[in-house]
Structures are given as structure tokens and as C-alpha cells.
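Each remark here refers to the structure printed beneath this line.
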Amino acid sequence: MIDWKDKREFWIAGARIADPEAERIRVGSVCVQKGRIAEIVWQKSVETDLPVLDAERFVLAPGFVDLHAHLREPGYEEKETIETGSAAAAAGGYTSVVCMANTNPAIDDPSVVEYISCRAQQVGRCRVYVAGALTKGRLGEIINEYYHLKRAGVVALSDDGAYVTNSQVMRSALEYANLHALPVISHCEDAFLASSSQMNEGYTSTRLGLKGSPAAAEEIAVSRDCMLAQLTGARLHVAHVSTAGAVELVRRAKKKGTRITAEATPHHLTLDDRLLDGYDANLKVNPPLRGVKDVEALRAGLLDGTIDCVATDHAPHSEIDKDVEFDEAPAGMIGLETAFAQLHTELVAKGVIDLLDLVKLMTIKPAATLGLPGGRIAREAPADLVLIDPAEEWTFEKRLIRSRSKNTPLVGARFTGRVQGVFLEGKWQSAV
Ligand code: DOR
Ligand code: ZN
């Protein structure tokens with residue numbers, strides 16, 4: 001193969017270009033120059049002296065944008081670092097991720113924001129945007145200094161991993177966030193109802209003898225936050241919606257004109273609580289995997305636009321943390337490297353949505369949700385692109401995992417559709 005990878009100027013020729021803005025997939029060729037898209041032509045081949053990547057087998061789309069990843073640095077580098085998390089992101093087709101604030105220290109101070117941004121730039125594998133914590137230490141008591149966090153570059157505010165129990169604190173947080181034009185991402189789980197729960201409350205939890213968290217834990221939290229968003233006029237984004245009732249609450253709030261958006265994870269869209277039968281701690285997540293009806297409602301929400309985008313909630317935990325009694329295991333699964341393949345296999349290949357819809361849900365829609373650049377394929381835009389082979393059948397193996405943690409129930413899964421790699425500002429990173 002020619003060394004087009006190391007060139008600053010080259011053509012990607014004959015790919016099926018998935019353009020989420022123009023809402024079409026069409027064969028064309030893209031010229032990359034100095035990290036930007038210099039030209040797009042709607043023809044299969046090009047006459048040029050520049051190196052040419054023959055991409056006829058592939059789909060070329062804007063690099064994916066993830067609004068919800070836990071990169072763990074600073075503080076939990078045994079689980080993930082900015083370097084390993086960015087590598088995992090790139091391997092999954094992502095060129096932009098938003099990292100969550102439950103680090104140690106929490107991202108509640110501009111110095112932590114600056115540290116993460118600098119480190120991500122040094123690593124240079126993926127753009128890393130930062131969500132600042134809503135409250136000091138993410139304790140839900142005292143709101144942070146949003147002015148300073150915004151100046152340091154945060155794109156949103158969130159205590160993700162924890163729900164802000166005190167409604168007065170949440171009201172103030174929304175009001176101040178609104179003053180600074182920052183969206184608030186809420187992890188909606190009533191802390192008391194969900195306390196010490198291990199999985200979804202239902203038939204399987206009863207049979208397994210595990211404490212369940214009822215759908216009401218999420219729905220009470222979503223209801224309150226919808227009301228507070230209405231009261232304050234602030235921008236609310238509901239993280240990882242998992243129940244049918246929560247989808248309906250978001251749908252109604254949108255109809256009322258509330259400034260609300262919502263995301264769903266690949267795992268909540270494809271897995272359900274019956275799988276917990278084998279007590280695999282890799283299936284333990286917050287909010288928990290729900291019932292089949294909830295999965296159906298989430299999919300309906302994706303189709304009618306109630307759910308705005310897909311976000312991974314990539315939550316690495318090391319083997320020592322996860323390989324313990326089920327009750328003791330922390331919640332979370334990694335997701336950056338499997339998100340596309342899992343959704344392509346379960347939703348696109350099975351005819352639930354089409355490929356262009358999936359590309360939208362992973363590119364312009366998340367970008368628009370938090371007002372981030374990216375997610376577009378257009379002249380002059382940065383050449384942040386993903387190359388996909390939608391026909392490749394492959395097995396997800398542990399040895400392929402780039403994340404520092406391997407906590408996923410998908411090892412051994414067969415997928416249809418595989419990310420081949422990304423261009424980040426035109427620089428190629430292979431995923432295969
Ligand atoms: O399962 C989860 N894990 N849900 C969250 O909200 C937090 C995350 C984590 O940080 O491990
Ligand atoms: Zn969360």
C-alpha cells in the first residue's frame with residue numbers, strides 16, 4: 001500500500017460518503033489538505049498527483065462525537081487514562097468525546113480542566129471536551145464557579161454518576177448555568193430509591209435475589225429536572241435515559257417547549273435485564289439494564305427524535321474492581337470501541353434504523369446537542385472522519401481492546417460492520 005497515511009495531502013477516493021447534514025449517502029471523493037477537507041467531488045475516481053486511498057469498499061462519515069465518556073484521569077489511572085481512553089475512542093470511530101467530571105479531584109476547578117485539555121492535546125488521538133462538575137466535589141451541596149469553569153473551556157456541567165438530590169441546589173445550578181449559557185447534564189436516579197440497588201427491579205431481580213432499582217427512581221428524577229428546566233429556562237440534557245416512562249416524560253417536556261435533550265447508550269438500546277442471570281458484573285451499570293419494553297420504548301424514542309443522540313457512558317473499571325461479589329462491583333461498562341458495531345449489528349443490520357440515521361445519531365446530533373463543532377463533512381471543515389466497512393463481519397476479542405479496562409460483556413460478540421479507523425485533522429489512526 002502507498003504511504004498516503006503519512007501525507008499531509010491526499011485523496012480518499014470512491015467512498016460512499018455519509019453526509020448527515022445533506023441527509024444522503026453518495027459516492028464521492030474527498031481531498032484532505034493540511035488537516036482540512038479541501039474538496040469534495042461526486043465522482044468515484046480523481047485525476048491527481050497526490051496519493052490516493054482507494055475507499056470504494058468503505059463508508060466515509062464525519063468522525064463520531066461522544067457526549068459521555070469517563071476517562072478517569074486524574075485520579076483513577078489504573079482504570080483509564082486520557083491516553084488509553086483517547087486511543088479507545090479513535091478505535092471506535094470517535095474524533096471528539098466529552099469527558100465526565102467524576103475524576104479525583106473532581107473537575108470542579110479550572111486547573112483540572114486545563115490539565116485534561118493539555119494532556120489530551122499532547123496525546124493528540126481525539127478531541128477531548130470537558131464537562132465540569134455542577135457542585136463542589138460532586139457532593140450536590142455547593143454549586144461551582146461556572147464563570148471560571150467556562151473560561152477554562154468546559155462545554156457543559158454535570159455531577160454525572162450522582163444525582164443532585166437537593167432540588168434547591170439543582171434550581172440554583174440550572175439558573176447559574178443558564179447565565180453562562182452552559183447546558184446541564186443530569187444523571188437522573190433518585191438516590192434513595194436506587195440506593196444499594198444492583199440491577200433493574202423486576203422479575204429477574206426477584207428471581208436472582210438482587211436488590212432492584214425501580215423505573216420510578218429514574219422517572220421521579222427526570223420529572224423533577226424537567227420541571228426545574230421549565231422553571232429556570234435552562235438547557236437540560238438527560239444522560240442515559242433507560243425507561244419507557246422516562247422517554248415519555250422527555251417527549252412531553254419537549255412538546256411543552258422545555259429546553260431539553262436526551263441521550264441513550266448502546267447498551268440500553270440493545271441489552272436487557274434478563275442477561276443478568278449469569279451474574280456477570282460487566283452487565284452492572286447505572287442506570288441498570290431494563291426490561292424488553294423499555295428497550296423498545298428507547299428505540300421508538302430514537303425514531304421519533306425524543307432521544308436526540310447516542311452516547312456511550314464509557315465507564316472503565318479495572319479487573320480487581322469488577323472481579324468481586326456482584327454486590328461489591330462498581331457499575332459501568334466500557335463502550336467506545338463497540339458502540340458503532342453494536343448499534344450497526346442490532347439496529348441497522350436488522351432494519352430498525354438505516355445507516356444514515358445511525359451516523360446522524362453519532363455525529364451532528366450529539367454535536368448540536370451540546371453546541372460542539374464537528375460532526376460535519378464539508379469543505380473547509382477539519383478532516384475529522386471515520387472510515388467504516390459496513391459489511392465486515394468480525395468478533396470482538398479481548399486482545400483488541402485499547403481501553404485500559406476490559407469490563408465489557410461483549411467480548412466474543414459477533415458484529416456486522418466495523419470501524420477501520422479515523423482521520424483526526426487528516427492524520428490516520430487505524431482501528432484494525
Ligand atoms: O454505570 C455507570 N458508571 N454509570 C454512571 O453514571 C457512572 C459510571 C462510572 O463512572 O463508573
Ligand atoms: Zn451517569
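Labeling convention for the C-alpha cells: chains A, B, ... as they appear, residues from 1 per chain, ligands from 1 in order of appearance.
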Per residue of segment 14-104 of chain A within 12 Å of segment 258-268 of chain A, note the shortest atom pair and the distance in Å to one decimal, counting only C-alpha atoms, and order the rows by chain and increasing residue number, as JSON lines.
{"residue": "A:Asp66", "atom": "CA", "partner": "A:Glu263", "partner_atom": "CA", "distance": 10.2}
{"residue": "A:Leu67", "atom": "CA", "partner": "A:Glu263", "partner_atom": "CA", "distance": 8.6}
{"residue": "A:His68", "atom": "CA", "partner": "A:Glu263", "partner_atom": "CA", "distance": 9.1}
{"residue": "A:Ala69", "atom": "CA", "partner": "A:Thr265", "partner_atom": "CA", "distance": 10.9}
For the selection you just gave me, I'd like the residues written to a file as a PDB file, in the first residue's frame, keeping C-alpha atoms.
ATOM      1  CA  ASP A  66     -19.484  11.090  22.178  1.00  0.00           C
ATOM      2  CA  LEU A  67     -21.133  13.266  24.800  1.00  0.00           C
ATOM      3  CA  HIS A  68     -20.497  10.916  27.693  1.00  0.00           C
ATOM      4  CA  ALA A  69     -17.203   9.188  28.449  1.00  0.00           C
TER       5      ALA A  69
END
Quiz item: What do you get as a ChimeraX atom specification if you pick all residues at most 9 Å from ligand 2, counting only C-alpha atoms and all ligand atoms?
Solution: /A:68,100,159-163,185-189,239-240,286-287,313
Quiz item: Using the chain letters and numbers from this document, which residues of segment 200-406 of chain A does DSSP assign to alpha helix (DSSP H), as a PyMOL selection string?
Solution: chain A and resi 203-208+215-232+244-255+266-270+292-304+319-322+339-343+355-362+364-370
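The protein and nucleic acid residues lying at most 10 Å from Glu296 of chain A are Thr243, Ala244, His268, Leu269, Thr270, Gly291, Val292, Ala300, Gly301 and Leu302 of chain A, with only C-alpha atoms considered and sequence neighbours fewer than 4 positions away removed.
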Quiz item: To one decimal place, how far is atom CA of Ile107 of chain A from atom CA of Glu175 of chain A in Å?
Solution: 19.8 Å
Practice problem: Write out as number ranges by chain the residues lying within 12 Å of Ala383 of chain A, counting only C-alpha atoms and excluding same-chain residues fewer than 3 positions away. | Solution: A: 8-12, 30-40, 60-63, 95, 374-380, 386-387, 422-428
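Minimum atom-to-atom distance to ligand 1, evaluated using only C-alpha atoms and all ligand atoms, belongs to A:Lys284 out of A:Lys350, A:Lys293, A:Lys360, A:Lys284.
Remark: for Ser242 of chain A, the closest of the candidate residues A:Arg16, A:Arg290, A:His148, A:Arg224 is A:Arg290 (distances computed over only C-alpha atoms).
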Quiz item: Which polymer residues have any atom within 10 Å of an atom of Ser318 of chain A, counting only C-alpha atoms, with same-chain residues fewer than 3 positions away left out, as a list in words?
Solution: Tyr76, Glu77, Glu78, Lys79, Glu80, Asp321, Lys322, Asp323, Pro330, Arg404, Ser405, Lys406 and Asn407 of chain A
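Here the question is which of A:Val154, A:Ala339, A:Ala413, A:Val241 gets nearest to ligand 1 using only C-alpha atoms and all ligand atoms, and that residue is A:Val241.
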Quiz prompt | Neighbour list for Lys255 of chain A as JSON, numbers by chain, cut-off 12 Å, only C-alpha atoms, skip fewer than 4 positions in-chain | solution = {"A": [226, 230, 248, 249, 250, 251, 259, 260, 261, 305, 306]}
Exercise. Per DSSP on the backbone, filter segment 135-296 of chain A down to the residues in strand (DSSP E or B) and report them as a ChimeraX atom specification.
Key: /A:135,143,156-158,184-186,199-200,212-213,236-238,260-264
Practice problem: Identify, on the basis of only C-alpha atoms, every residue whose closest approach to segment 92-94 of chain A does not exceed 10 Å; exclude the query and any residue fewer than 5 positions from it along the same chain; express the result as a ChimeraX atom specification. | Solution: /A:61-66,86-87,125-127,335-341,362-363,375,384-388,402,418-424,429-431
Output C-alpha atoms for every residue in the selection just made, as a PDB file, in the first residue's frame.
ATOM      1  CA  ALA A  61     -18.552   9.710   7.611  1.00  0.00           C
ATOM      2  CA  PRO A  62     -17.758  12.563   9.964  1.00  0.00           C
ATOM      3  CA  GLY A  63     -15.837  11.292  13.000  1.00  0.00           C
ATOM      4  CA  PHE A  64     -18.211  10.271  15.779  1.00  0.00           C
ATOM      5  CA  VAL A  65     -18.924  12.580  18.711  1.00  0.00           C
ATOM      6  CA  ASP A  66     -19.484  11.090  22.178  1.00  0.00           C
ATOM      7  CA  SER A  86      -8.450   8.589  23.555  1.00  0.00           C
ATOM      8  CA  ALA A  87      -6.980   5.534  21.833  1.00  0.00           C
ATOM      9  CA  ARG A 125      -5.613  10.991  19.342  1.00  0.00           C
ATOM     10  CA  CYS A 126      -9.020  12.544  19.838  1.00  0.00           C
ATOM     11  CA  ARG A 127     -10.516  15.921  20.694  1.00  0.00           C
ATOM     12  CA  GLY A 335     -18.346   1.254  25.258  1.00  0.00           C
ATOM     13  CA  LEU A 336     -16.291   3.473  22.979  1.00  0.00           C
ATOM     14  CA  GLU A 337     -14.846   0.633  20.932  1.00  0.00           C
ATOM     15  CA  THR A 338     -18.090  -1.263  20.383  1.00  0.00           C
ATOM     16  CA  ALA A 339     -20.750   1.467  20.115  1.00  0.00           C
ATOM     17  CA  PHE A 340     -20.871   1.627  16.342  1.00  0.00           C
ATOM     18  CA  ALA A 341     -20.556  -2.109  15.702  1.00  0.00           C
ATOM     19  CA  MET A 362     -23.411   9.648  16.426  1.00  0.00           C
ATOM     20  CA  THR A 363     -22.289  12.866  14.676  1.00  0.00           C
ATOM     21  CA  GLY A 375     -19.949  16.018  13.176  1.00  0.00           C
ATOM     22  CA  ASP A 384     -12.158  14.531  11.301  1.00  0.00           C
ATOM     23  CA  LEU A 385     -13.505  11.474   9.564  1.00  0.00           C
ATOM     24  CA  VAL A 386     -14.288   7.829  10.157  1.00  0.00           C
ATOM     25  CA  LEU A 387     -13.854   5.046   7.640  1.00  0.00           C
ATOM     26  CA  ILE A 388     -16.304   2.176   8.053  1.00  0.00           C
ATOM     27  CA  ARG A 402      -7.398  -0.450  23.639  1.00  0.00           C
ATOM     28  CA  ARG A 418     -16.506  -2.380  11.567  1.00  0.00           C
ATOM     29  CA  VAL A 419     -14.752   0.913  12.014  1.00  0.00           C
ATOM     30  CA  GLN A 420     -11.500   0.786  10.056  1.00  0.00           C
ATOM     31  CA  GLY A 421     -10.013   3.880  11.605  1.00  0.00           C
ATOM     32  CA  VAL A 422     -10.288   7.636  11.881  1.00  0.00           C
ATOM     33  CA  PHE A 423      -8.643  10.667  10.414  1.00  0.00           C
ATOM     34  CA  LEU A 424      -8.121  13.295  13.089  1.00  0.00           C
ATOM     35  CA  GLN A 429      -5.262   6.140  13.092  1.00  0.00           C
ATOM     36  CA  SER A 430      -6.038   2.562  12.235  1.00  0.00           C
ATOM     37  CA  ALA A 431      -8.568   0.570  14.263  1.00  0.00           C
TER      38      ALA A 431
END
Exercise. For each of A:Leu298, A:Glu21, A:Ser96, A:Ala253, take the minimum atom-to-atom distance to Leu228 of chain A, counting only C-alpha atoms, then give the residue where this is smallest.
Key: A:Ala253
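Atom to atom, atom CA of Arg26 of chain A and atom CA of Val128 of chain A stand 29.8 Å apart.
Across A:Arg171, A:Lys150, A:Leu289, A:Phe192, the tightest approach to Thr204 of chain A is made by A:Leu289 when counting only C-alpha atoms.
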Quiz item: For the atom pair atom CA of Ser45 of chain A and atom CA of Ala13 of chain A, what is the interatomic distance in Å to one decimal place?
Solution: 5.7 Å
